[in-house]
Each structure stands twice: as structure tokens, then as C-alpha cells.
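Contents: one structure, followed by commentary.
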Amino acid sequence: MKNLKKHFITTFVIGAVLIFGVVILINMIFDNINIGRFDLTANQIYNISPSVNKVLSKLDAPIELTYYVSSSEKMPTKWKNLERDVIDKLKELKMASSGKLTYTVFDPSAEEEKEAFEEEKEKEQGEEKDIIDSGQKPKITRKKIAERLYERGVIPFGVQSAERDEFAVKRVYSSIVLSYLDRKEDVIQEVRPETFGSLEYEVMSRIFKLISNKRPKIGFYPSQPEIPPQYRQYYQQTPPDMYDFAVKMLKESGYDVTRTNIKKDDPIPADIQTMLVMLDQPLEERQLYEIDKLIHDGVRVIMAAQQYNYQFPPARQSPGEFDVQGMPTRLNINSLTKNYGFEVDTKMFMDKSTAYIQIPVYQTRNMGMFQVREQRYQPVTKPVIIKITAENINTDLSISNKISEIFYMYGNRLLVHEEIMKENNVSSQTLFTSSNFSWTREGIGYGPIDVTPPAPEDVLKRQPFGIIVEGKFKPKYVEQNIPKWRTEPGATEDEEEPELPSEIIGEAKENKLIVTGCSNMFKNDVLRSVGSHKALLLNCVDALTLGDDLINIRSKNIVARRIKATSSIGKTMSKAFVVWFPALIFIFVGIALTVKRKVK
């Protein structure tokens, strides 16, 4: 009996040691072999896109990424896995680059704590040391660490933390610095859990800019606002610049932005890769020609055109309510874009999916013998204040994938003429659409507008609001003379231009256009307050300017799957199931047992 027991123990120990050794041996063999990873998430947020390999293959020299991050112990609960997820993503990028991309992880807060501990220790011991000792490197203090990181664009930021019964704001680091050759470093200043899905796109777009020999150059229309000649007698001062924030944001993102009013003395800049055209007023014939020539020559164009704006005066018949009055911008861009296969609808567009705006309302209140005029803000919701939700945004393209919502302020739908596009071998993809309950009204100029919902047969479903169009675009201004610039007041006959033939000749180059029927969403007041609009504008510029491969690098976000509201029928069936199903089971089991006994 003892021999059997001894033999069992010996066999068990030898087997366990052998299995342990085999596991270690297998681990050593496969340690440096990449067998891939299995991503079972719905949006494949942890796998890199196929186009990443193409982008990284363009690197002429190694690129270094430094991830400055606070330790997980100092992070809020929601942030504790961030460092691990980012490092995993950087590992995959490193393997995809075949060694051309390297990364390091640095914890600035640990260095600051180490320095603080040493300073405290020196104070306790009463030691006084010079900042620089003979034969010794300068001492790196916490202040110097912070200054050095600040110079690189690495700045700690506050994060809300709620743990147990404590609510506080923690100061953390989470930034990535990209260094390539002797070029200026680029920085992703805030890497957050909620933006982790876009990290791959952020890194690759910055690598694109670093490997370029020069800063990407883009044009922006309009430049400083001008008063049309027919209205100059009514204006006392120049209108405000509504797009200066958009231009500032593009410059901060590494673009060389040149603004233009497309005039004789202010032409479209040469050697640009992309042109942004924000339209809320009619263009001259010569300006249309210049845009047509630009597209024919292969310069990418982002076009946002506003057909209407609206005012919301108090309703005369219904106190506390507001009317809607239309103000047409009288755009004429359709005379050009019809040749390309699309146009901005001239009808007013309305949608059941709406947002609200705050409108100032003034009221007079009596205070003794005085009257005080007070201002308050009244929330107003009208069908022209359109809100595009995530379900109506195309998630298959990086341009629109990480956009959660868009405030389509007084925008119009786009009319896509499939027959013209097919005839010219031009294709289009929709970026975002209206909801399944939208409608149009005829444009009537200034005056009150009927905003009541339409009859069921007039309801429109998912009308295109934003599209990307690809192909060779058929120009309008061919085999004719170049339109003349507008004659400025006071010009003499000697200054008039001669008749010149159109410079649009030969076959058009392959090109891409991004078009939307709303320019208000890129103006200062909206762009400053809505983060998704900033992302949309930068995505459009990145996709067209930095290369075709970026369009295929999707921004993969974790989707929040919310439980939908249960219908009344569903609630009734759920209650019936909970109440009656167990009872029915017992009844059927009882009947079955009774029948079985009787059979026996």
C-alpha cells in the first residue's frame, strides 16, 4: 500500500515538473513570434487597419514615439486600463512597421515624486548641495521636468475622479510625442479612454505630416469678409470674420493655411493641395471659373454651401411662441456643380430630429416707480434646427466614423444626379443623412414659413447631407472665353481685361470632393462649442490632403449599446411571461407525470 502511494506521489511530481518545463519551453519559443491577436469586439477596435502598413512603409528613417503617462495607481478607475491599451496599440504599430517605429513609456509623475523625496531627505539631513557640482551633471528638478515637458507640448490635465465617497479632480499625464529626424515634433496632447478608438488615426495622420518634406498647404475661402458693392451704403463697419476659428484650428494642426477672396488682386494661392470653400453668398462668374479650373487640375476641394438662414421673431398671434422667417443667401454654385452630378437643393429643408437654440428675449418689469428691461434666454426648437444623430452617420469611413452628432444649422439636402455621375464615371459615398422623417418647403424668400409636419405621402427618408465624390469632373468653362473680373468702381477703360480663351483644356485629373449643404456648422460660434464639428472638419482636411490611405484607416470607437424603450405590447408580454410561464411549466410537468403513472 505504501509502495503504491509512494509511486503515485513520485509519478505526480515528475509529471507536474515535466508539464511545467514544457510550458516554459513553449513560452520561450513563442515569446518573440507574433501569432496575432483575436479581437472579438463589434467594431474591431483593437486591430490595426490594413492601410497602416502602406503608410508606415513610406518611412525613410525610424520614428520614435514617447508615451508620457501617469501610473495606473494614480489614475481614476475609468482610466486604469488606458496605459495597457495604448501600449498594446503601439506594439502592433511597431510590428507593422518592421522595426521602423519604436516607442518608450515615461512616467513624469514618478520622476517628480523621486525628486520630491530626495529634496525632503536632504532637508532632514541638513545637507546643502550646489545645483552643479564639479564633474557632475546639472540636477534635474521637478520644475525643470515640467518646463522640459511643457516645451514639448506635454502638459498635465485635470480628470474627474469619483471613488467611494470622494469626488476630486486628479492631475494626470497622458500624451504621445512623435519624433522624426530633425523635424519639429508633433504631439497628441490628451489620450483619453473615450478617444482611444481614434488613437490609430491620430498617430497615422501625424506620421503623414512628419514624413512630408514640407507642411501641407491649403487654401481657404473666404478671406477677411467684404461688403458686396450693392450693400456698402448700408454698412458702417466691416462684418465680423466668421471663420477665423476654423483657420486657427487648421494652423494648429500643422497646415499652412492661406486665405483668399478669389479676386484679381487676391487669387487662389499656388501649389495648394486642398481648397476649402465656405459659401453663404453668390459668387461672381470669374470666381466660379477659378474653382472649376482648380477642380479640373486635380486640387481637392471641401465645399460647404448655405442656401438659407433663419430668424425667429416672437409670434404675434401666439404669445410665448416664435415664428420662423427665411433669409435666402441666393447661392449660384449649382450652375457649376450640376456638371459634376450634384447640387444643393434650393428648397427649405426640415427634419423631425432637431436640436434647440437659446434666443434672447426682453421683458419689462416694474420696480416701484421705475421700469427695468430684463433679458433672458428662451430655448427654441424648430425643424430647421436639424440634429444629425449617430444612426444617420456613415461609420465605414474615417471621415465620419468617430462623429457622434452633427448640428446641421439651417442646412439643405444634396441632390445627387446618378445618371450624370454614371455618364462621367464619377462615384459618390454618403457621409451623413437626415432622419427617416424629413420634408421640404418651397423657398419663398423673406417672411413667415410654415413648419408644420407634412402629410404622410410627403415624408422623406434619409436624404444626403454630406457626400464624398470621386472621379474626373466634367468642367463647365471649356471652349469659351475666360470670364472677366468684376470691374471695380472708378476703373478706366484702359484697365479692362482683354478677351482670353479658357485655360481649362485637356482631360481632367482624378479628384475628390467633399460636399455638404451647410456652412454654418463651421462658423465660429458653432465650431467652438461642438467638438464633433472640429473632428469632422479636421477629418475632411486630413483625408483629402494627407493621402488616400488615411480614408481607409477607420477610427474605431467603443459603441455604447443602450437599451431601447420597451413598447406597451412588449411590457404586457413580459409580465405575462413572468407570471404565467412558471405556472404553466408546473402544470405541464404535473400532467406528464400523471399520464406516465396511469400508463404504467
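A note on labels: chains of the C-alpha cells are A, B, ... as shown, every chain counts residues from 1, and ligands are counted from 1 in their shown order.
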
> What's the 12 Å shell around range 249-256 of chain A, counting only C-alpha atoms, without same-chain residues fewer than 6 positions away, as number ranges by chain?
Replying inline: A: 184-189, 202, 205-210, 212, 214-220, 243, 269, 271-276, 522-524, 527-528, 531, 533-542, 545-546

> Running DSSP on the backbone, which parts of range 337-536 of chain A land in alpha helix (DSSP H), as a PyMOL selection string?
Replying inline: chain A and resi 337+398-401+418-423+524-529+531-536

> Do you have the CA of Ile295 in chain A-CA of Pro239 in chain A distance handy?
Replying inline: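 Result for CA of Ile295 in chain A versus CA of Pro239 in chain A: 29.4 Å, one decimal.
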
>> Using only C-alpha atoms, which protein or nucleic acid residues come within 8 Å of Phe106 in chain A? Drop anything in the same chain fewer than 4 positions from it, and give the result as a list of chain:residue names.
In response: A:Thr66, A:Tyr67, A:Tyr68, A:Val69

The selected residues should be written to file as a PDB file, in the first residue's frame (atoms: N, CA, C and O atoms).
```pdb
ATOM      1  N   THR A  66       7.067  58.628 -27.846  1.00  0.00           N
ATOM      2  CA  THR A  66       7.237  58.624 -26.394  1.00  0.00           C
ATOM      3  C   THR A  66       5.880  58.848 -25.750  1.00  0.00           C
ATOM      4  O   THR A  66       5.240  59.868 -26.003  1.00  0.00           O
ATOM      5  N   TYR A  67       5.475  57.874 -24.938  1.00  0.00           N
ATOM      6  CA  TYR A  67       4.177  57.962 -24.273  1.00  0.00           C
ATOM      7  C   TYR A  67       4.396  58.406 -22.839  1.00  0.00           C
ATOM      8  O   TYR A  67       4.934  57.666 -22.014  1.00  0.00           O
ATOM      9  N   TYR A  68       4.007  59.641 -22.534  1.00  0.00           N
ATOM     10  CA  TYR A  68       4.094  60.187 -21.184  1.00  0.00           C
ATOM     11  C   TYR A  68       2.769  59.907 -20.479  1.00  0.00           C
ATOM     12  O   TYR A  68       1.721  60.444 -20.868  1.00  0.00           O
ATOM     13  N   VAL A  69       2.815  59.077 -19.448  1.00  0.00           N
ATOM     14  CA  VAL A  69       1.581  58.663 -18.789  1.00  0.00           C
ATOM     15  C   VAL A  69       1.830  58.464 -17.299  1.00  0.00           C
ATOM     16  O   VAL A  69       2.872  57.959 -16.880  1.00  0.00           O
TER      17      VAL A  69
END
```

>> So that I can see what lies close to Arg441 in chain A, please list as JSON, numbers by chain the residues with an atom at most 7 Å from it, counting only C-alpha atoms and leaving out residues fewer than 3 positions away in the same chain.
In response: {"A": [347, 348, 349]}

> Contacts of Pro475 in chain A at 9 Å or less, counting only C-alpha atoms, minus same-chain residues fewer than 5 places along, as an MDAnalysis selection string?
Replying inline: chainID A and resid 292:293 295:296 336 339:340 504 508

Just N, CA, C and O atoms for this one: save the residues we selected as a PDB file, in the first residue's frame.
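Output contents, as saved in again-v2.pdb:
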```pdb
ATOM      1  N   ASP A 292     -13.717  76.004 -60.905  1.00  0.00           N
ATOM      2  CA  ASP A 292     -13.824  74.965 -61.921  1.00  0.00           C
ATOM      3  C   ASP A 292     -12.440  74.555 -62.422  1.00  0.00           C
ATOM      4  O   ASP A 292     -12.142  73.361 -62.587  1.00  0.00           O
ATOM      5  N   LYS A 293     -11.567  75.516 -62.641  1.00  0.00           N
ATOM      6  CA  LYS A 293     -10.203  75.231 -63.098  1.00  0.00           C
ATOM      7  C   LYS A 293      -9.409  74.492 -62.027  1.00  0.00           C
ATOM      8  O   LYS A 293      -8.628  73.575 -62.320  1.00  0.00           O
ATOM      9  N   ILE A 295     -10.576  72.440 -59.735  1.00  0.00           N
ATOM     10  CA  ILE A 295     -11.029  71.046 -59.680  1.00  0.00           C
ATOM     11  C   ILE A 295     -10.532  70.284 -60.893  1.00  0.00           C
ATOM     12  O   ILE A 295     -10.126  69.112 -60.791  1.00  0.00           O
ATOM     13  N   HIS A 296     -10.528  70.906 -62.061  1.00  0.00           N
ATOM     14  CA  HIS A 296     -10.033  70.261 -63.281  1.00  0.00           C
ATOM     15  C   HIS A 296      -8.550  69.906 -63.154  1.00  0.00           C
ATOM     16  O   HIS A 296      -8.099  68.872 -63.675  1.00  0.00           O
ATOM     17  N   LEU A 336     -22.453  75.485 -61.402  1.00  0.00           N
ATOM     18  CA  LEU A 336     -21.186  74.796 -61.629  1.00  0.00           C
ATOM     19  C   LEU A 336     -21.281  73.316 -61.277  1.00  0.00           C
ATOM     20  O   LEU A 336     -20.857  72.448 -62.049  1.00  0.00           O
ATOM     21  N   ASN A 339     -22.783  70.149 -63.410  1.00  0.00           N
ATOM     22  CA  ASN A 339     -21.923  69.423 -64.343  1.00  0.00           C
ATOM     23  C   ASN A 339     -21.224  68.251 -63.677  1.00  0.00           C
ATOM     24  O   ASN A 339     -20.876  67.270 -64.331  1.00  0.00           O
ATOM     25  N   TYR A 340     -20.996  68.359 -62.367  1.00  0.00           N
ATOM     26  CA  TYR A 340     -20.300  67.295 -61.635  1.00  0.00           C
ATOM     27  C   TYR A 340     -21.239  66.172 -61.195  1.00  0.00           C
ATOM     28  O   TYR A 340     -20.774  65.111 -60.795  1.00  0.00           O
ATOM     29  N   ILE A 504      -8.862  75.927 -69.259  1.00  0.00           N
ATOM     30  CA  ILE A 504      -9.281  74.567 -68.907  1.00  0.00           C
ATOM     31  C   ILE A 504      -9.267  73.736 -70.180  1.00  0.00           C
ATOM     32  O   ILE A 504     -10.206  73.760 -70.984  1.00  0.00           O
ATOM     33  N   ALA A 508      -9.482  66.028 -67.587  1.00  0.00           N
ATOM     34  CA  ALA A 508      -9.461  66.368 -66.162  1.00  0.00           C
ATOM     35  C   ALA A 508      -8.682  65.320 -65.373  1.00  0.00           C
ATOM     36  O   ALA A 508      -8.654  64.142 -65.724  1.00  0.00           O
TER      37      ALA A 508
END
```

>> Using only C-alpha atoms, can you tell me which of A:Ser174, A:Asn511, A:Thr381, A:Thr337 comes closest to Val426 in chain A?
In response: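 Nearest candidate to Val426 in chain A out of A:Ser174, A:Asn511, A:Thr381, A:Thr337: A:Asn511.
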
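Distance annotation: of A:Arg316, A:Ile87, A:Ile302, A:Gly443, the residue with the minimal separation from Leu513 in chain A is A:Ile302; atom set is only C-alpha atoms.
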
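Residues within 10 Å of Tyr377 in chain A, counting only C-alpha atoms and excluding same-chain residues fewer than 3 positions away, are Ile357, Gln358, Ile359, Pro360, Val361, Tyr362 and Val380 of chain A.
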
Expected file: the selected residues, N, CA and C atoms, as a short mmCIF file (atom, residue, chain, number, x, y, z; two decimals), in the first residue's frame:
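Now in again12.cif:
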```
data_model
loop_
_atom_site.label_atom_id
_atom_site.label_comp_id
_atom_site.auth_asym_id
_atom_site.auth_seq_id
_atom_site.Cartn_x
_atom_site.Cartn_y
_atom_site.Cartn_z
N ILE A 357 -31.93 76.03 -29.75
CA ILE A 357 -31.01 77.15 -29.56
C ILE A 357 -31.60 78.10 -28.53
N GLN A 358 -30.74 78.92 -27.94
CA GLN A 358 -31.17 79.91 -26.95
C GLN A 358 -31.36 81.26 -27.64
N ILE A 359 -32.54 81.81 -27.56
CA ILE A 359 -32.84 83.09 -28.19
C ILE A 359 -33.06 84.14 -27.11
N PRO A 360 -32.38 85.29 -27.18
CA PRO A 360 -32.58 86.32 -26.16
C PRO A 360 -33.99 86.93 -26.26
N VAL A 361 -34.64 87.04 -25.12
CA VAL A 361 -35.99 87.63 -25.03
C VAL A 361 -35.94 88.75 -23.99
N TYR A 362 -36.53 89.87 -24.32
CA TYR A 362 -36.51 91.03 -23.44
C TYR A 362 -37.91 91.25 -22.87
N VAL A 380 -35.56 77.40 -28.01
CA VAL A 380 -36.47 77.29 -29.16
C VAL A 380 -36.07 76.08 -29.99
#
```
